[in-house]
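**Student:** Provided herewith is a single structure, encoded as structure tokens, for subsequent inquiry.
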Amino acid sequence: KQTAYEEYSQLKLRGQAPKALRWKRLESRYRSHKQCVNDLLGILRKHQVNFSCVNRVELDRQHLADVDLVIAVGGDGTVLSAAHFLDNGTIPLLGINSDPMTNPEEHSVNKKSDERRSHGALCMCTSANMKEGLGSVLHGDAKLALRRRINCVVKSTFSETKLVPALNDLLIANPSPAAVSRFRMGWLKQVGEDTNEDENVDDHAPDGTTLPKPTPYGTITRFGGIPYDVTQSLNVWSSGMWISTATGSTAAMAAAGGKPMDLDSNDLQYLIREHMIEGGTAHMDKEEIDGLNNGWILDNEKMHLRWNSQRGRIFIDGSHLTHNLELGDEIMMDTNAPSLQLFTTDL
């Protein structure tokens with residue numbers, strides 16, 4: 001990864017660095033990271049492993065040709081960034097936390113501790129124990145888990161875009177946190193599914209192709225050329241929506257009030273942020289409100305959103321990777337993304 005010290009040093013050369021920066025703290029973290037990288041290279045050479053070292057900002061798919069393992073050195077953000085290039089799920093990923101928090105720092109409210117250090121929830125080992133951890137990986141003794149990811153497709157007027165799979169979560173919202181995010185939320189049901197095929201054919205088009213039978217919803221949408229009906233539609237005015245995997249359920253989803261999930265779960269969780277429920281909530285109890293705002297996308301389900309604001313944005317595993325939305329864009333989300341092979345601890 002590129003450390004904060006390196007990023008701010010470049011700004012300093014241009015006279016743009018904030019004056020409140022604590023340079024000694026940043027430099028200490030920078031040196032810890034570089035020491036971890038150098039130690040890792042030494043371990044790989046000792047094990048006679050052929051490797052190449054690539055900066056996070058320079059990583060490209062061409063670097064993954066004939067690669068058997070990707071090692072992300074940094075923190076959770078570095079692991080997430082590397083995972084976006086492993087969208088086929090065929091190359092395993094090992095995360096090493098190069099500058100972990102110590103136990104006293106995790107529980108301290110003393111401002112002298114650096115709260116910006118990574119917790120390393122996605123990292124199998126740290127700079128302190130990576131010699132043993134990497135040895136177990138290279139000898140086939142480490143635990144390799146399959147982590148479910150989010151498949152997301154955005155359909156605009158003239159294009160259909162498949163986003164990179166999200167390992168933690170998606171945030172779909174207006175780019176301005178002060179603006180309302182308006183969208184219509186529903187569930188996709190493939191036309192002809194679970195019914196007699198002839199009953200769902202209404203007529204034939206002039207070119208001879210069959211037309212789907214009108215549905216109670218009245219609208220047919222298509223993704224990948226497949227017709228779907230949108231069911232259980234709900235118009236939403238809110239601050240946006242979180243969608244998370246089991247892996248991401250303890251991150252932003254938990255902070256927003258979501259539920260923890262078993263890491264082996266194949267389902268996704270969604271949570272509507274600051275939902276302005278039509279008609280108010282005076283007639284609803286807490287359980288009804290929670291059930292409306294927070295729920296599940298099961299393994300065999302597809303969620304559909306129709307974006308009804310002028311502008312929108314999808315944030316993929318944080319703020320670094322985004323996709324812009326326009327009025328009328330449609331979004332399909334499900335679990336049909338290749339799982340990520342991630343080395344994990346035994347905990």
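Just so we're on the same page: first chain in the structure tokens is A, next is B, and so on; residues restart at 1 for each chain, and ligands are numbered from 1 in the order they show up.
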For Ala72 (chain A), work out the shell of residues within 10 Å, counting only C-alpha atoms and skipping chain neighbours fewer than 3 positions away, then give it as a list in words.
**Tutor:**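 Everything that qualifies: Lys1, Val54, Asn55, Arg56, Leu69, Gly75, Asp76, Gly77, Thr78, Val79, Leu80, Ser81, Ala82, Ala83, Leu93, Leu94, Gly95, Ile96, Asn97, Ser98 and Cys123 of chain A.
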**Student:** Pull all heavy atoms from the residues just selected and write them as a short mmCIF file (atom, residue, chain, number, x, y, z; two decimals), in the first residue's frame.
**Tutor:**
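Below is the file that was written, part-v4.cif:
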data_model
loop_
_atom_site.label_atom_id
_atom_site.label_comp_id
_atom_site.auth_asym_id
_atom_site.auth_seq_id
_atom_site.Cartn_x
_atom_site.Cartn_y
_atom_site.Cartn_z
N LYS A 1 0.84 -1.19 0.00
CA LYS A 1 0.00 0.00 0.00
C LYS A 1 0.88 1.24 0.00
O LYS A 1 2.09 1.18 0.26
CB LYS A 1 -0.90 0.02 1.23
CG LYS A 1 -0.19 0.34 2.55
CD LYS A 1 -1.18 0.52 3.68
CE LYS A 1 -0.46 0.95 4.96
NZ LYS A 1 -1.42 1.14 6.06
N VAL A 54 4.43 -5.14 -5.96
CA VAL A 54 3.70 -4.10 -6.69
C VAL A 54 3.02 -3.18 -5.70
O VAL A 54 2.38 -3.64 -4.74
CB VAL A 54 2.65 -4.72 -7.64
CG1 VAL A 54 1.94 -3.62 -8.43
CG2 VAL A 54 3.28 -5.73 -8.57
N ASN A 55 3.14 -1.87 -5.91
CA ASN A 55 2.44 -0.90 -5.09
C ASN A 55 0.95 -1.00 -5.33
O ASN A 55 0.50 -1.27 -6.45
CB ASN A 55 2.94 0.52 -5.41
CG ASN A 55 2.47 1.54 -4.38
OD1 ASN A 55 1.29 1.80 -4.23
ND2 ASN A 55 3.43 2.14 -3.69
N ARG A 56 0.18 -0.76 -4.28
CA ARG A 56 -1.28 -0.87 -4.38
C ARG A 56 -1.86 -0.03 -5.52
O ARG A 56 -2.75 -0.48 -6.25
CB ARG A 56 -1.90 -0.45 -3.04
CG ARG A 56 -3.41 -0.26 -3.07
CD ARG A 56 -3.90 0.14 -1.68
NE ARG A 56 -5.31 0.55 -1.68
CZ ARG A 56 -5.99 0.85 -0.59
NH1 ARG A 56 -5.42 0.77 0.59
NH2 ARG A 56 -7.25 1.21 -0.67
N LEU A 69 -0.74 -16.94 -5.76
CA LEU A 69 -1.12 -16.35 -4.48
C LEU A 69 -0.89 -14.84 -4.54
O LEU A 69 0.12 -14.39 -5.08
CB LEU A 69 -0.29 -16.95 -3.34
CG LEU A 69 -0.42 -16.31 -1.95
CD1 LEU A 69 -1.80 -16.54 -1.37
CD2 LEU A 69 0.66 -16.85 -1.00
N GLY A 75 -3.46 -3.17 5.54
CA GLY A 75 -4.56 -3.37 6.47
C GLY A 75 -5.78 -3.86 5.73
O GLY A 75 -5.67 -4.38 4.61
N ASP A 76 -6.94 -3.69 6.33
CA ASP A 76 -8.17 -4.18 5.70
C ASP A 76 -8.44 -3.49 4.36
O ASP A 76 -8.92 -4.12 3.42
CB ASP A 76 -9.35 -3.95 6.64
CG ASP A 76 -9.29 -4.84 7.87
OD1 ASP A 76 -8.72 -5.95 7.77
OD2 ASP A 76 -9.81 -4.44 8.93
N GLY A 77 -8.14 -2.20 4.26
CA GLY A 77 -8.36 -1.48 3.01
C GLY A 77 -7.51 -2.04 1.88
O GLY A 77 -7.99 -2.13 0.73
N THR A 78 -6.29 -2.43 2.18
CA THR A 78 -5.42 -3.01 1.17
C THR A 78 -5.94 -4.37 0.73
O THR A 78 -5.89 -4.72 -0.45
CB THR A 78 -3.99 -3.15 1.73
OG1 THR A 78 -3.59 -1.91 2.33
CG2 THR A 78 -3.01 -3.49 0.62
N VAL A 79 -6.44 -5.16 1.67
CA VAL A 79 -7.02 -6.46 1.33
C VAL A 79 -8.25 -6.28 0.43
O VAL A 79 -8.40 -6.98 -0.58
CB VAL A 79 -7.40 -7.24 2.61
CG1 VAL A 79 -8.16 -8.52 2.26
CG2 VAL A 79 -6.16 -7.56 3.42
N LEU A 80 -9.11 -5.33 0.77
CA LEU A 80 -10.31 -5.09 -0.03
C LEU A 80 -9.94 -4.64 -1.44
O LEU A 80 -10.53 -5.07 -2.43
CB LEU A 80 -11.19 -4.03 0.63
CG LEU A 80 -11.89 -4.46 1.92
CD1 LEU A 80 -12.51 -3.26 2.62
CD2 LEU A 80 -12.95 -5.52 1.64
N SER A 81 -8.94 -3.76 -1.54
CA SER A 81 -8.51 -3.28 -2.84
C SER A 81 -7.96 -4.41 -3.70
O SER A 81 -8.27 -4.52 -4.89
CB SER A 81 -7.45 -2.18 -2.67
OG SER A 81 -7.01 -1.69 -3.91
N ALA A 82 -7.16 -5.29 -3.11
CA ALA A 82 -6.61 -6.43 -3.84
C ALA A 82 -7.71 -7.39 -4.27
O ALA A 82 -7.67 -7.96 -5.37
CB ALA A 82 -5.57 -7.15 -2.99
N ALA A 83 -8.72 -7.56 -3.41
CA ALA A 83 -9.81 -8.50 -3.71
C ALA A 83 -10.58 -8.09 -4.96
O ALA A 83 -11.14 -8.94 -5.66
CB ALA A 83 -10.75 -8.60 -2.52
N LEU A 93 -6.08 -15.18 -1.56
CA LEU A 93 -5.56 -13.91 -1.05
C LEU A 93 -5.15 -14.05 0.41
O LEU A 93 -5.90 -14.61 1.22
CB LEU A 93 -6.64 -12.83 -1.19
CG LEU A 93 -6.35 -11.43 -0.64
CD1 LEU A 93 -5.15 -10.81 -1.35
CD2 LEU A 93 -7.58 -10.54 -0.79
N LEU A 94 -3.98 -13.54 0.73
CA LEU A 94 -3.48 -13.53 2.10
C LEU A 94 -3.24 -12.09 2.52
O LEU A 94 -2.52 -11.35 1.85
CB LEU A 94 -2.16 -14.32 2.20
CG LEU A 94 -1.35 -14.15 3.49
CD1 LEU A 94 -2.12 -14.69 4.69
CD2 LEU A 94 0.02 -14.83 3.37
N GLY A 95 -3.86 -11.67 3.62
CA GLY A 95 -3.67 -10.33 4.15
C GLY A 95 -2.73 -10.33 5.33
O GLY A 95 -2.82 -11.17 6.23
N ILE A 96 -1.78 -9.37 5.32
CA ILE A 96 -0.84 -9.21 6.43
C ILE A 96 -0.97 -7.78 6.95
O ILE A 96 -0.79 -6.82 6.20
CB ILE A 96 0.61 -9.47 5.99
CG1 ILE A 96 0.78 -10.92 5.52
CG2 ILE A 96 1.58 -9.18 7.14
CD1 ILE A 96 2.17 -11.25 5.01
N ASN A 97 -1.31 -7.63 8.22
CA ASN A 97 -1.45 -6.33 8.85
C ASN A 97 -0.05 -5.82 9.21
O ASN A 97 0.58 -6.33 10.12
CB ASN A 97 -2.33 -6.43 10.09
CG ASN A 97 -2.73 -5.07 10.63
OD1 ASN A 97 -2.19 -4.04 10.22
ND2 ASN A 97 -3.68 -5.06 11.55
N SER A 98 0.41 -4.80 8.48
CA SER A 98 1.79 -4.35 8.64
C SER A 98 2.00 -3.45 9.85
O SER A 98 3.13 -3.27 10.30
CB SER A 98 2.25 -3.60 7.38
OG SER A 98 1.44 -2.45 7.17
N CYS A 123 -7.15 -9.76 7.78
CA CYS A 123 -5.77 -10.22 7.69
C CYS A 123 -5.57 -11.48 8.51
O CYS A 123 -6.00 -11.56 9.66
CB CYS A 123 -4.81 -9.14 8.18
SG CYS A 123 -4.88 -7.60 7.22
#
**Student:** Give me the residues near Glu6 (chain A) as a VMD selection string, where near means some atom within 12 Å (using only C-alpha atoms) and where sequence neighbours in that chain fewer than 3 positions away do not count.
**Tutor:** chain A and resid 1 to 3 9 to 13 17 23 26 to 31 33 to 34
**Student:** Those residues with all heavy atoms, as a compact mmCIF listing (two decimals), in the first residue's frame please?
**Tutor:**
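Once written, again21.txt looks like this:
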# COMPACT_ATOMS: atom_id res chain seq x y z
N LYS A 1 0.84 -1.19 0.00
CA LYS A 1 0.00 0.00 0.00
C LYS A 1 0.88 1.24 0.00
O LYS A 1 2.09 1.18 0.26
CB LYS A 1 -0.90 0.02 1.23
CG LYS A 1 -0.19 0.34 2.55
CD LYS A 1 -1.18 0.52 3.68
CE LYS A 1 -0.46 0.95 4.96
NZ LYS A 1 -1.42 1.14 6.06
N GLN A 2 0.27 2.39 -0.30
CA GLN A 2 0.93 3.68 -0.14
C GLN A 2 0.48 4.27 1.18
O GLN A 2 -0.71 4.47 1.42
CB GLN A 2 0.58 4.61 -1.30
CG GLN A 2 1.35 5.92 -1.27
CD GLN A 2 1.05 6.81 -2.46
OE1 GLN A 2 -0.09 6.87 -2.90
NE2 GLN A 2 2.05 7.48 -2.98
N THR A 3 1.44 4.53 2.07
CA THR A 3 1.09 4.98 3.41
C THR A 3 0.66 6.43 3.40
O THR A 3 0.93 7.19 2.47
CB THR A 3 2.28 4.81 4.37
OG1 THR A 3 3.35 5.67 3.92
CG2 THR A 3 2.78 3.37 4.38
N SER A 9 3.43 13.56 2.24
CA SER A 9 4.74 14.11 1.84
C SER A 9 4.66 14.71 0.44
O SER A 9 5.28 15.75 0.17
CB SER A 9 5.81 13.02 1.90
OG SER A 9 6.03 12.58 3.22
N GLN A 10 3.92 14.07 -0.44
CA GLN A 10 3.73 14.62 -1.79
C GLN A 10 2.96 15.94 -1.73
O GLN A 10 3.28 16.89 -2.45
CB GLN A 10 3.00 13.60 -2.66
CG GLN A 10 3.80 12.33 -2.91
CD GLN A 10 3.00 11.27 -3.66
OE1 GLN A 10 1.89 11.52 -4.12
NE2 GLN A 10 3.56 10.08 -3.75
N LEU A 11 1.94 15.99 -0.86
CA LEU A 11 1.20 17.25 -0.70
C LEU A 11 2.08 18.34 -0.10
O LEU A 11 1.96 19.52 -0.46
CB LEU A 11 -0.03 17.02 0.19
CG LEU A 11 -1.15 16.15 -0.39
CD1 LEU A 11 -2.25 15.95 0.65
CD2 LEU A 11 -1.74 16.80 -1.63
N LYS A 12 2.97 17.95 0.80
CA LYS A 12 3.86 18.92 1.43
C LYS A 12 4.79 19.57 0.42
O LYS A 12 5.07 20.78 0.50
CB LYS A 12 4.67 18.22 2.53
CG LYS A 12 5.55 19.16 3.35
CD LYS A 12 6.28 18.39 4.44
CE LYS A 12 7.12 19.35 5.28
NZ LYS A 12 7.88 18.63 6.35
N LEU A 13 5.25 18.80 -0.55
CA LEU A 13 6.12 19.34 -1.59
C LEU A 13 5.40 20.40 -2.43
O LEU A 13 6.03 21.30 -2.98
CB LEU A 13 6.63 18.21 -2.50
CG LEU A 13 7.59 17.20 -1.86
CD1 LEU A 13 7.91 16.07 -2.82
CD2 LEU A 13 8.87 17.91 -1.41
N ALA A 17 -0.14 20.37 2.26
CA ALA A 17 -0.34 19.47 3.40
C ALA A 17 -1.01 20.22 4.55
O ALA A 17 -0.65 21.37 4.84
CB ALA A 17 0.99 18.88 3.86
N TRP A 23 3.62 14.58 12.03
CA TRP A 23 4.57 13.95 11.12
C TRP A 23 5.33 12.80 11.76
O TRP A 23 5.61 11.79 11.11
CB TRP A 23 5.55 15.00 10.59
CG TRP A 23 4.91 15.92 9.58
CD1 TRP A 23 4.48 17.19 9.79
CD2 TRP A 23 4.61 15.61 8.22
NE1 TRP A 23 3.92 17.71 8.64
CE2 TRP A 23 3.99 16.75 7.66
CE3 TRP A 23 4.80 14.49 7.42
CZ2 TRP A 23 3.57 16.81 6.34
CZ3 TRP A 23 4.38 14.55 6.11
CH2 TRP A 23 3.77 15.68 5.57
N LEU A 26 3.11 9.75 11.69
CA LEU A 26 2.99 9.22 10.33
C LEU A 26 4.28 8.54 9.89
O LEU A 26 4.25 7.48 9.24
CB LEU A 26 2.63 10.35 9.36
CG LEU A 26 1.24 10.96 9.50
CD1 LEU A 26 1.07 12.13 8.54
CD2 LEU A 26 0.16 9.92 9.26
N GLU A 27 5.41 9.15 10.23
CA GLU A 27 6.69 8.56 9.85
C GLU A 27 6.92 7.23 10.55
O GLU A 27 7.46 6.28 9.97
CB GLU A 27 7.84 9.52 10.15
CG GLU A 27 9.19 9.02 9.66
CD GLU A 27 10.30 10.01 9.89
OE1 GLU A 27 10.08 11.02 10.59
OE2 GLU A 27 11.41 9.78 9.37
N SER A 28 6.49 7.13 11.81
CA SER A 28 6.63 5.88 12.56
C SER A 28 5.82 4.77 11.89
O SER A 28 6.31 3.63 11.75
CB SER A 28 6.17 6.09 14.00
OG SER A 28 6.16 4.87 14.71
N ARG A 29 4.61 5.08 11.47
CA ARG A 29 3.77 4.08 10.79
C ARG A 29 4.37 3.70 9.45
O ARG A 29 4.31 2.54 9.03
CB ARG A 29 2.36 4.63 10.62
CG ARG A 29 1.62 4.87 11.92
CD ARG A 29 0.17 5.18 11.66
NE ARG A 29 -0.47 4.06 11.00
CZ ARG A 29 -1.62 4.15 10.35
NH1 ARG A 29 -2.23 5.31 10.26
NH2 ARG A 29 -2.15 3.10 9.78
N TYR A 30 4.92 4.69 8.77
CA TYR A 30 5.57 4.43 7.47
C TYR A 30 6.74 3.47 7.64
O TYR A 30 6.89 2.51 6.87
CB TYR A 30 6.04 5.76 6.88
CG TYR A 30 7.03 5.64 5.76
CD1 TYR A 30 6.63 5.26 4.48
CD2 TYR A 30 8.38 5.91 5.98
CE1 TYR A 30 7.55 5.15 3.44
CE2 TYR A 30 9.31 5.81 4.96
CZ TYR A 30 8.89 5.43 3.70
OH TYR A 30 9.81 5.33 2.67
N ARG A 31 7.57 3.72 8.65
CA ARG A 31 8.73 2.86 8.87
C ARG A 31 8.31 1.45 9.28
O ARG A 31 8.94 0.46 8.88
CB ARG A 31 9.65 3.48 9.93
CG ARG A 31 10.29 4.79 9.48
CD ARG A 31 11.33 5.29 10.47
NE ARG A 31 11.90 6.56 10.05
CZ ARG A 31 12.85 6.69 9.12
NH1 ARG A 31 13.32 5.60 8.53
NH2 ARG A 31 13.31 7.88 8.79
N HIS A 33 5.57 -0.08 8.34
CA HIS A 33 5.09 -0.74 7.12
C HIS A 33 6.25 -1.19 6.24
O HIS A 33 6.28 -2.33 5.76
CB HIS A 33 4.17 0.20 6.35
CG HIS A 33 3.72 -0.36 5.03
ND1 HIS A 33 2.78 -1.37 4.93
CD2 HIS A 33 4.10 -0.07 3.75
CE1 HIS A 33 2.59 -1.67 3.65
NE2 HIS A 33 3.37 -0.90 2.92
N LYS A 34 7.21 -0.29 6.02
CA LYS A 34 8.35 -0.64 5.17
C LYS A 34 9.16 -1.78 5.77
O LYS A 34 9.66 -2.66 5.04
CB LYS A 34 9.25 0.59 4.96
CG LYS A 34 8.61 1.66 4.08
CD LYS A 34 8.30 1.10 2.70
CE LYS A 34 7.67 2.14 1.79
NZ LYS A 34 7.30 1.59 0.46
**Student:** Counting only C-alpha atoms, what is within 8 Å of region 141-149 of chain A, bar same-chain residues fewer than 6 positions away, as number ranges by chain?
**Tutor:** A: 92, 133, 165-168, 245-247, 263-266, 335-346
**Student:** Ranking A:His320, A:Arg273, A:Lys46, A:Lys131 by minimum distance to Ala252 (chain A) and counting only C-alpha atoms, which one comes first?
**Tutor:**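 Looking only at the distances to Ala252 (chain A), the closest residue turns out to be A:Arg273.
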**Student:** Please provide as a list in words all residues within 10 Å of Trp242 (chain A), with the sequence filter that same-chain residues fewer than 2 positions apart are discarded (counting only C-alpha atoms).
**Tutor:** Asp169, Leu170, Leu171, Ile172, Ala173, Ser239, Gly240, Ser244, Ala252, Met253, Ala256, Gly258, Gln269, Tyr270, Leu271, Ile272, Arg273, Asn294, Ile314 and Phe315 of chain A
**Student:** Have a look at A:Asp87, A:Gly257, A:Ile331, A:Asp267 and name the one nearest to Asp299 (chain A); count only C-alpha atoms.
**Tutor:**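 Closest candidate: A:Asp267.
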